[in-house]
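Here is the structure we will look at, set down as structure tokens.
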Amino acid sequence: MDKPRPLHPALFYPLFFVSGAAALVYQSLWLRLFTLVLGNSLHSAAVVLAAFMAGLALGAWGAGRVLRGKAGTLLLYAWIELGIALAGLGAGWLIPRIGPLAAWLAGALPQSALIALAVRFISSFVVLLLPTALIGAALPVLVQHLTTRLEHA
């Protein structure tokens with residue numbers, strides 16, 4: 001039996017480009033949705049940007065630690081992309097529900113506009129952490145798959 005030929009690395013570039021474009025679409029959608037939760041676009045941009053940067057860093061760091069020297073990461077990459085889609089849909093479902101949850105949480109704390117905003121901000125940040133961490137893990141996993149030998153790096 002012949003050994004199956006590996007897929008050419010150039011096939012992955014358009015896929016990763018589309019994945020990155022989808023991440024930008026998620027970011028734009030989340031920015032609009034959080035405007036409804038946080039009250040204005042400045043707070044919305046702050047939470048989305050903070051969650052994106054933290055999630056990208058956390059995902060890349062975690063994937064880098066898990067993948068050291070491992071091969072056969074193409075299936076993992078596919079699972080991460082599926083996870084991004086599911087987590088993105090889940091975040092879209094959760095975002096409109098943050099307002100009532102934050103109001104309930106803030107009700108247990110001393111009454112303050114700053115505390116209410118902080119509870120909404122932290123709740124929003126937590127909702128975005130999983131999808132953005134998965135987005136951050138996608139690149140290291142793909143790079144690990146494509147650079148099995150030093151000359152491919």
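Chain labels run A, B, ... following the order of the structure tokens; each chain numbers its residues from 1, and ligands are numbered from 1 in the order shown.
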If you count only C-alpha atoms, which residues fall within 12 Å of A:Gly64, apart from same-chain ones fewer than 6 positions away, as a list in words?
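The residues satisfying every condition are Leu56, Ala57, Leu58, Lys70, Thr73, Gly136, Ala137, Ala138, Leu139, Pro140, Val141, Leu142, Val143 and Gln144 of chain A.
The interatomic distance for the pair atom CA of A:Ala87 and atom CA of A:Ile122 works out to 17.8 Å.
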Name the closest residue to A:Trp93 among the candidates A:Val66, A:Val127, A:Leu36, A:Ala54; distances are taken between atoms, counting only C-alpha atoms.
A:Val127
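Minimum atom-to-atom distances from A:Ala133, A:Val37, A:Leu74, A:Leu86 to A:Leu117 were compared using only C-alpha atoms, and the lowest value belongs to A:Val37.
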Atom CA of A:Arg120 to atom CA of A:Gly107, straight-line distance in Å:
12.1 Å
Residues at most 10 Å from A:Gly99, counting only C-alpha atoms, excluding those fewer than 6 positions away in the same chain, as number ranges by chain?
A: 34, 36-38, 105, 116, 119-120, 123-124
According to DSSP computed on the backbone, where in stretch 30-120 of chain A is there alpha helix (DSSP H)? Give the residues as a PDB file with N, CA and C atoms, in the first residue's frame.
```
ATOM      1  N   TRP A  30     -19.565  41.440  18.055  1.00  0.00           N
ATOM      2  CA  TRP A  30     -19.526  41.558  19.510  1.00  0.00           C
ATOM      3  C   TRP A  30     -19.467  43.015  19.935  1.00  0.00           C
ATOM      4  N   LEU A  31     -18.743  43.830  19.192  1.00  0.00           N
ATOM      5  CA  LEU A  31     -18.680  45.264  19.488  1.00  0.00           C
ATOM      6  C   LEU A  31     -20.075  45.874  19.461  1.00  0.00           C
ATOM      7  N   ARG A  32     -20.866  45.539  18.447  1.00  0.00           N
ATOM      8  CA  ARG A  32     -22.240  46.063  18.340  1.00  0.00           C
ATOM      9  C   ARG A  32     -23.132  45.515  19.447  1.00  0.00           C
ATOM     10  N   LEU A  33     -23.031  44.207  19.706  1.00  0.00           N
ATOM     11  CA  LEU A  33     -23.890  43.601  20.735  1.00  0.00           C
ATOM     12  C   LEU A  33     -23.579  44.145  22.128  1.00  0.00           C
ATOM     13  N   PHE A  34     -22.311  44.350  22.422  1.00  0.00           N
ATOM     14  CA  PHE A  34     -21.959  44.849  23.751  1.00  0.00           C
ATOM     15  C   PHE A  34     -22.334  46.305  23.952  1.00  0.00           C
ATOM     16  N   THR A  35     -22.549  47.035  22.866  1.00  0.00           N
ATOM     17  CA  THR A  35     -23.045  48.408  23.014  1.00  0.00           C
ATOM     18  C   THR A  35     -24.396  48.398  23.709  1.00  0.00           C
ATOM     19  N   LEU A  36     -25.209  47.383  23.426  1.00  0.00           N
ATOM     20  CA  LEU A  36     -26.512  47.260  24.083  1.00  0.00           C
ATOM     21  C   LEU A  36     -26.367  46.900  25.557  1.00  0.00           C
ATOM     22  N   VAL A  37     -25.346  46.126  25.900  1.00  0.00           N
ATOM     23  CA  VAL A  37     -25.152  45.680  27.289  1.00  0.00           C
ATOM     24  C   VAL A  37     -24.481  46.759  28.129  1.00  0.00           C
ATOM     25  N   LEU A  38     -23.478  47.415  27.558  1.00  0.00           N
ATOM     26  CA  LEU A  38     -22.657  48.340  28.334  1.00  0.00           C
ATOM     27  C   LEU A  38     -23.087  49.799  28.197  1.00  0.00           C
ATOM     28  N   SER A  41     -20.500  52.773  22.951  1.00  0.00           N
ATOM     29  CA  SER A  41     -19.514  52.059  22.139  1.00  0.00           C
ATOM     30  C   SER A  41     -18.110  52.134  22.722  1.00  0.00           C
ATOM     31  N   LEU A  42     -17.816  53.142  23.534  1.00  0.00           N
ATOM     32  CA  LEU A  42     -16.494  53.228  24.150  1.00  0.00           C
ATOM     33  C   LEU A  42     -16.273  52.060  25.107  1.00  0.00           C
ATOM     34  N   HIS A  43     -17.241  51.810  25.972  1.00  0.00           N
ATOM     35  CA  HIS A  43     -17.122  50.676  26.896  1.00  0.00           C
ATOM     36  C   HIS A  43     -17.143  49.350  26.128  1.00  0.00           C
ATOM     37  N   SER A  44     -17.950  49.283  25.099  1.00  0.00           N
ATOM     38  CA  SER A  44     -18.029  48.080  24.277  1.00  0.00           C
ATOM     39  C   SER A  44     -16.680  47.788  23.612  1.00  0.00           C
ATOM     40  N   ALA A  45     -16.076  48.811  23.036  1.00  0.00           N
ATOM     41  CA  ALA A  45     -14.772  48.630  22.389  1.00  0.00           C
ATOM     42  C   ALA A  45     -13.717  48.219  23.408  1.00  0.00           C
ATOM     43  N   ALA A  46     -13.778  48.789  24.593  1.00  0.00           N
ATOM     44  CA  ALA A  46     -12.790  48.456  25.633  1.00  0.00           C
ATOM     45  C   ALA A  46     -12.889  46.994  26.038  1.00  0.00           C
ATOM     46  N   VAL A  47     -14.103  46.502  26.271  1.00  0.00           N
ATOM     47  CA  VAL A  47     -14.244  45.113  26.718  1.00  0.00           C
ATOM     48  C   VAL A  47     -13.899  44.146  25.596  1.00  0.00           C
ATOM     49  N   VAL A  48     -14.306  44.440  24.363  1.00  0.00           N
ATOM     50  CA  VAL A  48     -14.011  43.530  23.259  1.00  0.00           C
ATOM     51  C   VAL A  48     -12.513  43.503  22.974  1.00  0.00           C
ATOM     52  N   LEU A  49     -11.873  44.651  22.975  1.00  0.00           N
ATOM     53  CA  LEU A  49     -10.434  44.701  22.735  1.00  0.00           C
ATOM     54  C   LEU A  49      -9.659  44.007  23.862  1.00  0.00           C
ATOM     55  N   ALA A  50     -10.039  44.261  25.093  1.00  0.00           N
ATOM     56  CA  ALA A  50      -9.362  43.615  26.223  1.00  0.00           C
ATOM     57  C   ALA A  50      -9.535  42.101  26.183  1.00  0.00           C
ATOM     58  N   ALA A  51     -10.748  41.654  25.904  1.00  0.00           N
ATOM     59  CA  ALA A  51     -10.994  40.212  25.840  1.00  0.00           C
ATOM     60  C   ALA A  51     -10.261  39.586  24.658  1.00  0.00           C
ATOM     61  N   PHE A  52     -10.222  40.274  23.533  1.00  0.00           N
ATOM     62  CA  PHE A  52      -9.521  39.729  22.369  1.00  0.00           C
ATOM     63  C   PHE A  52      -8.035  39.602  22.657  1.00  0.00           C
ATOM     64  N   MET A  53      -7.429  40.640  23.187  1.00  0.00           N
ATOM     65  CA  MET A  53      -5.993  40.585  23.442  1.00  0.00           C
ATOM     66  C   MET A  53      -5.661  39.523  24.501  1.00  0.00           C
ATOM     67  N   ALA A  54      -6.442  39.482  25.567  1.00  0.00           N
ATOM     68  CA  ALA A  54      -6.201  38.477  26.610  1.00  0.00           C
ATOM     69  C   ALA A  54      -6.447  37.067  26.080  1.00  0.00           C
ATOM     70  N   GLY A  55      -7.514  36.882  25.331  1.00  0.00           N
ATOM     71  CA  GLY A  55      -7.831  35.566  24.790  1.00  0.00           C
ATOM     72  C   GLY A  55      -6.803  35.099  23.777  1.00  0.00           C
ATOM     73  N   LEU A  56      -6.380  35.982  22.884  1.00  0.00           N
ATOM     74  CA  LEU A  56      -5.355  35.611  21.915  1.00  0.00           C
ATOM     75  C   LEU A  56      -4.061  35.203  22.615  1.00  0.00           C
ATOM     76  N   ALA A  57      -3.659  35.973  23.610  1.00  0.00           N
ATOM     77  CA  ALA A  57      -2.438  35.651  24.343  1.00  0.00           C
ATOM     78  C   ALA A  57      -2.583  34.340  25.116  1.00  0.00           C
ATOM     79  N   LEU A  58      -3.693  34.166  25.791  1.00  0.00           N
ATOM     80  CA  LEU A  58      -3.928  32.951  26.570  1.00  0.00           C
ATOM     81  C   LEU A  58      -3.981  31.720  25.664  1.00  0.00           C
ATOM     82  N   GLY A  59      -4.683  31.813  24.552  1.00  0.00           N
ATOM     83  CA  GLY A  59      -4.789  30.686  23.627  1.00  0.00           C
ATOM     84  C   GLY A  59      -3.457  30.327  22.993  1.00  0.00           C
ATOM     85  N   ALA A  60      -2.703  31.322  22.552  1.00  0.00           N
ATOM     86  CA  ALA A  60      -1.396  31.059  21.949  1.00  0.00           C
ATOM     87  C   ALA A  60      -0.434  30.468  22.978  1.00  0.00           C
ATOM     88  N   TRP A  61      -0.443  31.007  24.180  1.00  0.00           N
ATOM     89  CA  TRP A  61       0.433  30.494  25.239  1.00  0.00           C
ATOM     90  C   TRP A  61       0.065  29.051  25.582  1.00  0.00           C
ATOM     91  N   GLY A  62      -1.223  28.790  25.768  1.00  0.00           N
ATOM     92  CA  GLY A  62      -1.657  27.438  26.129  1.00  0.00           C
ATOM     93  C   GLY A  62      -1.367  26.432  25.029  1.00  0.00           C
ATOM     94  N   ALA A  63      -1.645  26.802  23.786  1.00  0.00           N
ATOM     95  CA  ALA A  63      -1.382  25.890  22.671  1.00  0.00           C
ATOM     96  C   ALA A  63       0.107  25.632  22.529  1.00  0.00           C
ATOM     97  N   GLY A  64       0.910  26.666  22.704  1.00  0.00           N
ATOM     98  CA  GLY A  64       2.357  26.493  22.615  1.00  0.00           C
ATOM     99  C   GLY A  64       2.887  25.541  23.673  1.00  0.00           C
ATOM    100  N   ARG A  65       2.356  25.613  24.869  1.00  0.00           N
ATOM    101  CA  ARG A  65       2.808  24.718  25.944  1.00  0.00           C
ATOM    102  C   ARG A  65       2.343  23.285  25.712  1.00  0.00           C
ATOM    103  N   VAL A  66       1.141  23.114  25.223  1.00  0.00           N
ATOM    104  CA  VAL A  66       0.593  21.770  25.015  1.00  0.00           C
ATOM    105  C   VAL A  66       1.243  21.077  23.824  1.00  0.00           C
ATOM    106  N   LEU A  67       1.603  21.847  22.800  1.00  0.00           N
ATOM    107  CA  LEU A  67       2.047  21.263  21.532  1.00  0.00           C
ATOM    108  C   LEU A  67       3.536  20.990  21.424  1.00  0.00           C
ATOM    109  N   LEU A  74      -3.210  18.440  12.774  1.00  0.00           N
ATOM    110  CA  LEU A  74      -4.227  18.901  11.827  1.00  0.00           C
ATOM    111  C   LEU A  74      -5.637  18.638  12.346  1.00  0.00           C
ATOM    112  N   LEU A  75      -5.859  17.489  12.935  1.00  0.00           N
ATOM    113  CA  LEU A  75      -7.172  17.191  13.504  1.00  0.00           C
ATOM    114  C   LEU A  75      -7.484  18.139  14.665  1.00  0.00           C
ATOM    115  N   LEU A  76      -6.476  18.438  15.473  1.00  0.00           N
ATOM    116  CA  LEU A  76      -6.669  19.397  16.562  1.00  0.00           C
ATOM    117  C   LEU A  76      -7.049  20.766  16.012  1.00  0.00           C
ATOM    118  N   TYR A  77      -6.412  21.173  14.920  1.00  0.00           N
ATOM    119  CA  TYR A  77      -6.750  22.453  14.295  1.00  0.00           C
ATOM    120  C   TYR A  77      -8.216  22.475  13.852  1.00  0.00           C
ATOM    121  N   ALA A  78      -8.669  21.370  13.264  1.00  0.00           N
ATOM    122  CA  ALA A  78     -10.072  21.287  12.832  1.00  0.00           C
ATOM    123  C   ALA A  78     -11.009  21.390  14.036  1.00  0.00           C
ATOM    124  N   TRP A  79     -10.664  20.725  15.127  1.00  0.00           N
ATOM    125  CA  TRP A  79     -11.495  20.808  16.336  1.00  0.00           C
ATOM    126  C   TRP A  79     -11.501  22.222  16.915  1.00  0.00           C
ATOM    127  N   ILE A  80     -10.362  22.892  16.864  1.00  0.00           N
ATOM    128  CA  ILE A  80     -10.301  24.272  17.364  1.00  0.00           C
ATOM    129  C   ILE A  80     -11.190  25.175  16.517  1.00  0.00           C
ATOM    130  N   GLU A  81     -11.143  25.017  15.203  1.00  0.00           N
ATOM    131  CA  GLU A  81     -11.995  25.838  14.332  1.00  0.00           C
ATOM    132  C   GLU A  81     -13.476  25.567  14.611  1.00  0.00           C
ATOM    133  N   LEU A  82     -13.845  24.309  14.824  1.00  0.00           N
ATOM    134  CA  LEU A  82     -15.227  23.986  15.186  1.00  0.00           C
ATOM    135  C   LEU A  82     -15.572  24.607  16.540  1.00  0.00           C
ATOM    136  N   GLY A  83     -14.634  24.554  17.478  1.00  0.00           N
ATOM    137  CA  GLY A  83     -14.843  25.165  18.791  1.00  0.00           C
ATOM    138  C   GLY A  83     -15.034  26.673  18.702  1.00  0.00           C
ATOM    139  N   ILE A  84     -14.284  27.314  17.803  1.00  0.00           N
ATOM    140  CA  ILE A  84     -14.447  28.761  17.609  1.00  0.00           C
ATOM    141  C   ILE A  84     -15.863  29.068  17.134  1.00  0.00           C
ATOM    142  N   ALA A  85     -16.334  28.286  16.180  1.00  0.00           N
ATOM    143  CA  ALA A  85     -17.690  28.513  15.653  1.00  0.00           C
ATOM    144  C   ALA A  85     -18.733  28.316  16.742  1.00  0.00           C
ATOM    145  N   LEU A  86     -18.622  27.230  17.500  1.00  0.00           N
ATOM    146  CA  LEU A  86     -19.609  26.959  18.556  1.00  0.00           C
ATOM    147  C   LEU A  86     -19.528  27.976  19.691  1.00  0.00           C
ATOM    148  N   ALA A  87     -18.308  28.321  20.097  1.00  0.00           N
ATOM    149  CA  ALA A  87     -18.148  29.311  21.167  1.00  0.00           C
ATOM    150  C   ALA A  87     -18.615  30.690  20.712  1.00  0.00           C
ATOM    151  N   GLY A  88     -18.397  31.018  19.440  1.00  0.00           N
ATOM    152  CA  GLY A  88     -18.893  32.289  18.904  1.00  0.00           C
ATOM    153  C   GLY A  88     -20.408  32.348  18.909  1.00  0.00           C
ATOM    154  N   LEU A  89     -21.041  31.250  18.518  1.00  0.00           N
ATOM    155  CA  LEU A  89     -22.505  31.197  18.574  1.00  0.00           C
ATOM    156  C   LEU A  89     -22.998  31.269  20.014  1.00  0.00           C
ATOM    157  N   GLY A  90     -22.301  30.575  20.906  1.00  0.00           N
ATOM    158  CA  GLY A  90     -22.673  30.616  22.320  1.00  0.00           C
ATOM    159  C   GLY A  90     -22.536  32.015  22.902  1.00  0.00           C
ATOM    160  N   ALA A  91     -21.473  32.710  22.519  1.00  0.00           N
ATOM    161  CA  ALA A  91     -21.293  34.083  23.000  1.00  0.00           C
ATOM    162  C   ALA A  91     -22.401  34.977  22.469  1.00  0.00           C
ATOM    163  N   GLY A  92     -22.781  34.787  21.210  1.00  0.00           N
ATOM    164  CA  GLY A  92     -23.882  35.564  20.640  1.00  0.00           C
ATOM    165  C   GLY A  92     -25.188  35.329  21.381  1.00  0.00           C
ATOM    166  N   TRP A  93     -25.384  34.122  21.880  1.00  0.00           N
ATOM    167  CA  TRP A  93     -26.581  33.804  22.653  1.00  0.00           C
ATOM    168  C   TRP A  93     -26.489  34.396  24.060  1.00  0.00           C
ATOM    169  N   LEU A  94     -25.295  34.390  24.654  1.00  0.00           N
ATOM    170  CA  LEU A  94     -25.127  34.859  26.034  1.00  0.00           C
ATOM    171  C   LEU A  94     -25.116  36.386  26.169  1.00  0.00           C
ATOM    172  N   ILE A  98     -26.489  39.092  29.440  1.00  0.00           N
ATOM    173  CA  ILE A  98     -25.553  39.627  30.433  1.00  0.00           C
ATOM    174  C   ILE A  98     -26.197  40.731  31.255  1.00  0.00           C
ATOM    175  N   GLY A  99     -26.995  41.585  30.633  1.00  0.00           N
ATOM    176  CA  GLY A  99     -27.624  42.702  31.340  1.00  0.00           C
ATOM    177  C   GLY A  99     -28.419  42.245  32.555  1.00  0.00           C
ATOM    178  N   PRO A 100     -29.384  41.324  32.394  1.00  0.00           N
ATOM    179  CA  PRO A 100     -30.142  40.855  33.561  1.00  0.00           C
ATOM    180  C   PRO A 100     -29.266  40.131  34.586  1.00  0.00           C
ATOM    181  N   LEU A 101     -28.287  39.357  34.111  1.00  0.00           N
ATOM    182  CA  LEU A 101     -27.392  38.654  35.041  1.00  0.00           C
ATOM    183  C   LEU A 101     -26.554  39.655  35.834  1.00  0.00           C
ATOM    184  N   ALA A 102     -26.018  40.648  35.152  1.00  0.00           N
ATOM    185  CA  ALA A 102     -25.208  41.663  35.826  1.00  0.00           C
ATOM    186  C   ALA A 102     -26.042  42.466  36.816  1.00  0.00           C
ATOM    187  N   ALA A 103     -27.284  42.761  36.463  1.00  0.00           N
ATOM    188  CA  ALA A 103     -28.158  43.496  37.392  1.00  0.00           C
ATOM    189  C   ALA A 103     -28.415  42.664  38.641  1.00  0.00           C
ATOM    190  N   TRP A 104     -28.613  41.369  38.472  1.00  0.00           N
ATOM    191  CA  TRP A 104     -28.829  40.486  39.622  1.00  0.00           C
ATOM    192  C   TRP A 104     -27.570  40.412  40.488  1.00  0.00           C
ATOM    193  N   LEU A 105     -26.391  40.289  39.854  1.00  0.00           N
ATOM    194  CA  LEU A 105     -25.134  40.244  40.606  1.00  0.00           C
ATOM    195  C   LEU A 105     -24.861  41.565  41.316  1.00  0.00           C
ATOM    196  N   ALA A 106     -25.096  42.667  40.607  1.00  0.00           N
ATOM    197  CA  ALA A 106     -24.842  43.983  41.196  1.00  0.00           C
ATOM    198  C   ALA A 106     -25.804  44.272  42.344  1.00  0.00           C
ATOM    199  N   GLY A 107     -26.990  43.636  42.320  1.00  0.00           N
ATOM    200  CA  GLY A 107     -27.949  43.832  43.404  1.00  0.00           C
ATOM    201  C   GLY A 107     -27.444  43.319  44.736  1.00  0.00           C
ATOM    202  N   ALA A 113     -22.985  53.081  40.615  1.00  0.00           N
ATOM    203  CA  ALA A 113     -22.951  52.991  39.144  1.00  0.00           C
ATOM    204  C   ALA A 113     -21.636  52.370  38.687  1.00  0.00           C
ATOM    205  N   LEU A 114     -20.557  52.668  39.399  1.00  0.00           N
ATOM    206  CA  LEU A 114     -19.249  52.115  39.053  1.00  0.00           C
ATOM    207  C   LEU A 114     -19.221  50.603  39.269  1.00  0.00           C
ATOM    208  N   ILE A 115     -19.794  50.141  40.370  1.00  0.00           N
ATOM    209  CA  ILE A 115     -19.842  48.696  40.638  1.00  0.00           C
ATOM    210  C   ILE A 115     -20.718  48.001  39.598  1.00  0.00           C
ATOM    211  N   ALA A 116     -21.836  48.581  39.241  1.00  0.00           N
ATOM    212  CA  ALA A 116     -22.713  47.983  38.225  1.00  0.00           C
ATOM    213  C   ALA A 116     -21.995  47.879  36.876  1.00  0.00           C
ATOM    214  N   LEU A 117     -21.255  48.927  36.504  1.00  0.00           N
ATOM    215  CA  LEU A 117     -20.505  48.900  35.252  1.00  0.00           C
ATOM    216  C   LEU A 117     -19.390  47.857  35.323  1.00  0.00           C
ATOM    217  N   ALA A 118     -18.707  47.777  36.447  1.00  0.00           N
ATOM    218  CA  ALA A 118     -17.628  46.791  36.603  1.00  0.00           C
ATOM    219  C   ALA A 118     -18.173  45.364  36.496  1.00  0.00           C
ATOM    220  N   VAL A 119     -19.325  45.107  37.084  1.00  0.00           N
ATOM    221  CA  VAL A 119     -19.931  43.768  36.990  1.00  0.00           C
ATOM    222  C   VAL A 119     -20.288  43.457  35.541  1.00  0.00           C
ATOM    223  N   ARG A 120     -20.856  44.419  34.816  1.00  0.00           N
ATOM    224  CA  ARG A 120     -21.181  44.182  33.402  1.00  0.00           C
ATOM    225  C   ARG A 120     -19.916  43.980  32.572  1.00  0.00           C
TER     226      ARG A 120
END
```
Atom CA of A:Val126 and atom CA of A:Ala108, how far apart in Å?
19.2 Å
